[in-house]
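Trainee: Structure in structure tokens, see below.
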Amino acid sequence: MKQLLLDGWRNQLQALELDGSIAGILHTKNDSVADAVKNEGTEILYGQDYFYEELLGLKFRISPFSFFQTNSLGAEVLYQTAREYIGDSLDEKAEKTVYDLYSGTGTIAQILSPAAKHVIGVEIVEEAVEAAKENAQLNQLKNCDFIAGDVLKVLDSIEEKPDFIVLDPPREGIHPKALEKIIRYGVDRMIYISCKPTSLQRDLEVLQAQGYVVERICCVDMFPGTVHVETVVLLSHKKPDGHINVKVEFGEGEGKVPLDNIAKRAEEYKPKERVTYKMIKEYIEAKYGFKVHTAYIAEVKRDLGLPMYDAPNAVEELKQPRKHPTAEKVEAIKDALKHFEVI
């Protein structure tokens, strides 16, 4: 039945005058219930399964499952904005290596190519990587390489370290472990292009916590009439205001720091062990032969103005009046506090 329908559509399309207006019409099988299109077989009903698009002087061959922006005019604004941000960073730095992570069909990588020594694109969709390689050849760019695979895993296999990084992840943002690896490169600047503000916010918080600051930001309305927007962010790594170099020589003799002194100072500044109620109770029972209640210890500490710790099993109201420690137990508790150098 499906084949009869396809043959009928094909016959009708061939009767239409579509030359010059439509490159191709395809039928893609997808029985998946997910919100992503899964290619379970594609048939060409009319024309061909690719077309060419030009952006910023570069030509790109677009196939059905190689990611490419649907709004070409908006895409030019988006990539021009990114190129301006990147151009400021790569000015007079033609010997730099650039990572284009989540590179799709390699659009950004090829836009960066003239300003870099080497551009390495990483993309998990193999069809997109093949398209990126074809597009680089089409544009006669010889300093672009593209790797198919998950960014999280591929980063471990690339020997050449980046001087600049461009990030253009899917809507869910960057995997936390991949972001850790990206941050560890310690590049001075990077570009983050995002199609989802919430995942961008999450990832920016991580980047800012690691010393990166937002230098410039711009939103591009790629989908007019909808709530969706693309955001381009230029990040730079915050550098210290200055450095103080101190030369220290260890050992014996004039101008040298004796190692014994270091050990002694370390012992002096060693954090003291926190004295618990259990330690105090055990000390009193061993020395005086009787037990004291935790509430008694707390009362003595409170009377002495010592800091109190929150008790996990504390109650707001007592069922019966609290008993107070005898003078003997007060003295024993004070002795224990002196023993543990609390007072």
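Residue numbering restarts at 1 for every chain of the structure tokens, chains are lettered A, B, ... in their displayed order, and ligands are numbered from 1 as they appear.
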Can you pull out the residues contacting A:Tyr296? Cut-off 9 Å, using only C-alpha atoms, and skip same-chain residues under 2 positions away; I want them as a ChimeraX atom specification.
Mentor: /A:292-294,298-301,323-325,329-330,333
Trainee: If you run DSSP on this backbone, which residues of stretch 129-272 of chain A come out as strand (DSSP E or B), and could you give them as a ChimeraX atom specification?
Mentor: /A:144-148,164-167,189-194,212-220,230-237,250,257
Trainee: Give me the residues of stretch 150-176 of chain A that have any atom at most 7 Å from an atom of stretch 188-194 of chain A; for each, the nearest atom pair and the distance in Å, rounded to one decimal. Use only C-alpha atoms, sort by chain and number, and format it as JSON lines.
Mentor:
```
{"residue": "A:Phe164", "atom": "CA", "partner": "A:Met190", "partner_atom": "CA", "distance": 5.7}
{"residue": "A:Ile165", "atom": "CA", "partner": "A:Met190", "partner_atom": "CA", "distance": 4.8}
{"residue": "A:Val166", "atom": "CA", "partner": "A:Ile191", "partner_atom": "CA", "distance": 4.7}
{"residue": "A:Leu167", "atom": "CA", "partner": "A:Tyr192", "partner_atom": "CA", "distance": 4.7}
{"residue": "A:Asp168", "atom": "CA", "partner": "A:Ile193", "partner_atom": "CA", "distance": 4.7}
{"residue": "A:Pro169", "atom": "CA", "partner": "A:Ser194", "partner_atom": "CA", "distance": 6.7}
```
Trainee: Take the residues just selected and output them with C-alpha atoms as a PDB file, in the first residue's frame.
Mentor:
```pdb
ATOM      1  CA  PHE A 164      40.874  28.880  20.557  1.00  0.00           C
ATOM      2  CA  ILE A 165      37.615  26.919  20.902  1.00  0.00           C
ATOM      3  CA  VAL A 166      34.212  27.377  19.266  1.00  0.00           C
ATOM      4  CA  LEU A 167      31.247  25.596  20.840  1.00  0.00           C
ATOM      5  CA  ASP A 168      27.942  25.121  19.008  1.00  0.00           C
ATOM      6  CA  PRO A 169      26.277  22.260  20.913  1.00  0.00           C
TER       7      PRO A 169
END
```
Trainee: Write out as a PyMOL selection string each polymer residue whose atoms come within 12 Å of A:Leu112, counting only C-alpha atoms; drop sequence neighbours fewer than 2 positions from it.
Mentor: chain A and resi 56+58+79-80+82-91+93-94+96-100+103+106-110+114-121+136+141+143-144+164-166+191
Trainee: Could you pull the residues within 8 Å of A:Lys196, counting only C-alpha atoms, minus those fewer than 5 positions along the same chain, as JSON, numbers by chain?
Mentor: {"A": [171, 172, 173, 228, 229, 230]}
Trainee: If we count only C-alpha atoms, what is near A:Phe51 at a cut-off of 9 Å, once residues fewer than 5 positions away on the same chain are taken out, given as a PDB file with N, CA, C and O atoms, in the first residue's frame?
Mentor:
```
ATOM      1  N   ALA A  23      14.825  21.622  -5.564  1.00  0.00           N
ATOM      2  CA  ALA A  23      15.960  20.738  -5.869  1.00  0.00           C
ATOM      3  C   ALA A  23      15.553  19.285  -5.791  1.00  0.00           C
ATOM      4  O   ALA A  23      16.007  18.454  -6.592  1.00  0.00           O
ATOM      5  N   GLY A  24      14.719  18.954  -4.819  1.00  0.00           N
ATOM      6  CA  GLY A  24      14.327  17.559  -4.665  1.00  0.00           C
ATOM      7  C   GLY A  24      13.241  17.403  -3.631  1.00  0.00           C
ATOM      8  O   GLY A  24      13.066  18.253  -2.750  1.00  0.00           O
ATOM      9  N   PHE A  60      28.248  25.547   0.197  1.00  0.00           N
ATOM     10  CA  PHE A  60      28.036  24.346   1.012  1.00  0.00           C
ATOM     11  C   PHE A  60      27.029  23.423   0.329  1.00  0.00           C
ATOM     12  O   PHE A  60      25.968  23.862  -0.124  1.00  0.00           O
ATOM     13  N   ARG A  61      27.396  22.151   0.290  1.00  0.00           N
ATOM     14  CA  ARG A  61      26.465  21.132  -0.211  1.00  0.00           C
ATOM     15  C   ARG A  61      25.677  20.603   0.990  1.00  0.00           C
ATOM     16  O   ARG A  61      26.257  20.101   1.956  1.00  0.00           O
ATOM     17  N   ILE A  62      24.359  20.688   0.901  1.00  0.00           N
ATOM     18  CA  ILE A  62      23.497  20.310   2.008  1.00  0.00           C
ATOM     19  C   ILE A  62      22.732  19.038   1.658  1.00  0.00           C
ATOM     20  O   ILE A  62      22.036  18.981   0.643  1.00  0.00           O
ATOM     21  N   SER A  63      22.885  18.002   2.485  1.00  0.00           N
ATOM     22  CA  SER A  63      22.152  16.752   2.311  1.00  0.00           C
ATOM     23  C   SER A  63      21.101  16.638   3.421  1.00  0.00           C
ATOM     24  O   SER A  63      21.121  17.415   4.380  1.00  0.00           O
TER      25      SER A  63
END
```
Trainee: From the list A:Tyr46, A:Met222, A:Glu341, A:Lys161, which residue is nearest A:Thr70 when using only C-alpha atoms?
Mentor: A:Met222
Trainee: From a DSSP pass on the backbone, collect the residues of stretch 194-297 of chain A flagged as alpha helix (DSSP H) and hand them back as a VMD selection string.
Mentor: chain A and resid 197 to 209 259 to 268 277 to 288 294 to 297
Trainee: Restrict the selected residues to N, CA and C atoms and save them as a compact mmCIF listing (two decimals), in the first residue's frame.
Mentor:
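Dumped to out22.txt:
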```
# COMPACT_ATOMS: atom_id res chain seq x y z
N PRO A 197 18.52 29.11 25.66
CA PRO A 197 19.04 29.96 26.73
C PRO A 197 19.25 29.25 28.06
N THR A 198 18.38 28.28 28.40
CA THR A 198 18.51 27.63 29.71
C THR A 198 19.76 26.77 29.80
N SER A 199 20.07 26.01 28.74
CA SER A 199 21.29 25.20 28.77
C SER A 199 22.53 26.10 28.67
N LEU A 200 22.41 27.21 27.95
CA LEU A 200 23.51 28.18 27.89
C LEU A 200 23.80 28.74 29.27
N GLN A 201 22.75 29.12 30.00
CA GLN A 201 22.93 29.66 31.35
C GLN A 201 23.63 28.65 32.25
N ARG A 202 23.20 27.40 32.18
CA ARG A 202 23.80 26.36 33.02
C ARG A 202 25.29 26.22 32.73
N ASP A 203 25.65 26.16 31.43
CA ASP A 203 27.06 25.97 31.07
C ASP A 203 27.89 27.21 31.37
N LEU A 204 27.31 28.41 31.21
CA LEU A 204 28.05 29.63 31.51
C LEU A 204 28.38 29.73 33.00
N GLU A 205 27.48 29.25 33.84
CA GLU A 205 27.75 29.26 35.28
C GLU A 205 28.99 28.42 35.59
N VAL A 206 29.12 27.28 34.92
CA VAL A 206 30.29 26.41 35.13
C VAL A 206 31.55 27.11 34.62
N LEU A 207 31.47 27.70 33.44
CA LEU A 207 32.62 28.38 32.85
C LEU A 207 33.05 29.57 33.70
N GLN A 208 32.09 30.33 34.20
CA GLN A 208 32.43 31.50 35.02
C GLN A 208 33.05 31.08 36.35
N ALA A 209 32.59 29.96 36.88
CA ALA A 209 33.17 29.46 38.14
C ALA A 209 34.63 29.06 37.95
N LEU A 259 64.72 23.11 57.02
CA LEU A 259 63.57 22.23 56.87
C LEU A 259 62.90 21.94 58.21
N ASP A 260 63.69 21.95 59.31
CA ASP A 260 63.11 21.71 60.64
C ASP A 260 62.11 22.80 60.99
N ASN A 261 62.43 24.04 60.61
CA ASN A 261 61.51 25.15 60.89
C ASN A 261 60.20 24.99 60.14
N ILE A 262 60.28 24.47 58.91
CA ILE A 262 59.06 24.28 58.12
C ILE A 262 58.15 23.27 58.79
N ALA A 263 58.74 22.16 59.25
CA ALA A 263 57.96 21.12 59.92
C ALA A 263 57.33 21.66 61.20
N LYS A 264 58.09 22.48 61.94
CA LYS A 264 57.59 23.04 63.19
C LYS A 264 56.43 24.00 62.94
N ARG A 265 56.58 24.86 61.91
CA ARG A 265 55.51 25.81 61.58
C ARG A 265 54.26 25.07 61.09
N ALA A 266 54.49 24.01 60.32
CA ALA A 266 53.35 23.23 59.83
C ALA A 266 52.57 22.61 60.96
N GLU A 267 53.30 22.16 61.98
CA GLU A 267 52.65 21.56 63.14
C GLU A 267 51.86 22.61 63.91
N GLU A 268 52.41 23.83 63.99
CA GLU A 268 51.74 24.91 64.71
C GLU A 268 50.43 25.32 64.03
N TYR A 277 31.31 15.64 71.78
CA TYR A 277 30.73 15.29 73.08
C TYR A 277 31.13 13.87 73.48
N LYS A 278 31.23 12.99 72.48
CA LYS A 278 31.61 11.60 72.77
C LYS A 278 33.01 11.54 73.37
N MET A 279 33.95 12.33 72.84
CA MET A 279 35.32 12.33 73.36
C MET A 279 35.34 12.83 74.80
N ILE A 280 34.55 13.86 75.10
CA ILE A 280 34.50 14.41 76.46
C ILE A 280 33.91 13.39 77.42
N LYS A 281 32.83 12.73 77.01
CA LYS A 281 32.17 11.75 77.88
C LYS A 281 33.11 10.58 78.19
N GLU A 282 33.82 10.11 77.15
CA GLU A 282 34.74 8.99 77.35
C GLU A 282 35.89 9.37 78.28
N TYR A 283 36.39 10.62 78.15
CA TYR A 283 37.48 11.08 79.01
C TYR A 283 37.03 11.12 80.47
N ILE A 284 35.85 11.65 80.72
CA ILE A 284 35.34 11.78 82.09
C ILE A 284 35.08 10.42 82.71
N GLU A 285 34.49 9.51 81.92
CA GLU A 285 34.20 8.19 82.46
C GLU A 285 35.49 7.45 82.80
N ALA A 286 36.53 7.61 81.96
CA ALA A 286 37.79 6.92 82.21
C ALA A 286 38.51 7.50 83.42
N LYS A 287 38.43 8.83 83.62
CA LYS A 287 39.18 9.47 84.70
C LYS A 287 38.42 9.50 86.02
N TYR A 288 37.09 9.76 85.94
CA TYR A 288 36.32 9.97 87.18
C TYR A 288 35.41 8.80 87.52
N THR A 294 25.01 14.44 77.64
CA THR A 294 25.38 15.43 76.63
C THR A 294 24.81 16.81 76.96
N ALA A 295 23.61 16.82 77.50
CA ALA A 295 22.97 18.10 77.85
C ALA A 295 23.77 18.84 78.92
N TYR A 296 24.43 18.09 79.83
CA TYR A 296 25.26 18.72 80.87
C TYR A 296 26.46 19.42 80.23
N ILE A 297 27.10 18.71 79.27
CA ILE A 297 28.26 19.29 78.60
C ILE A 297 27.84 20.56 77.86
```
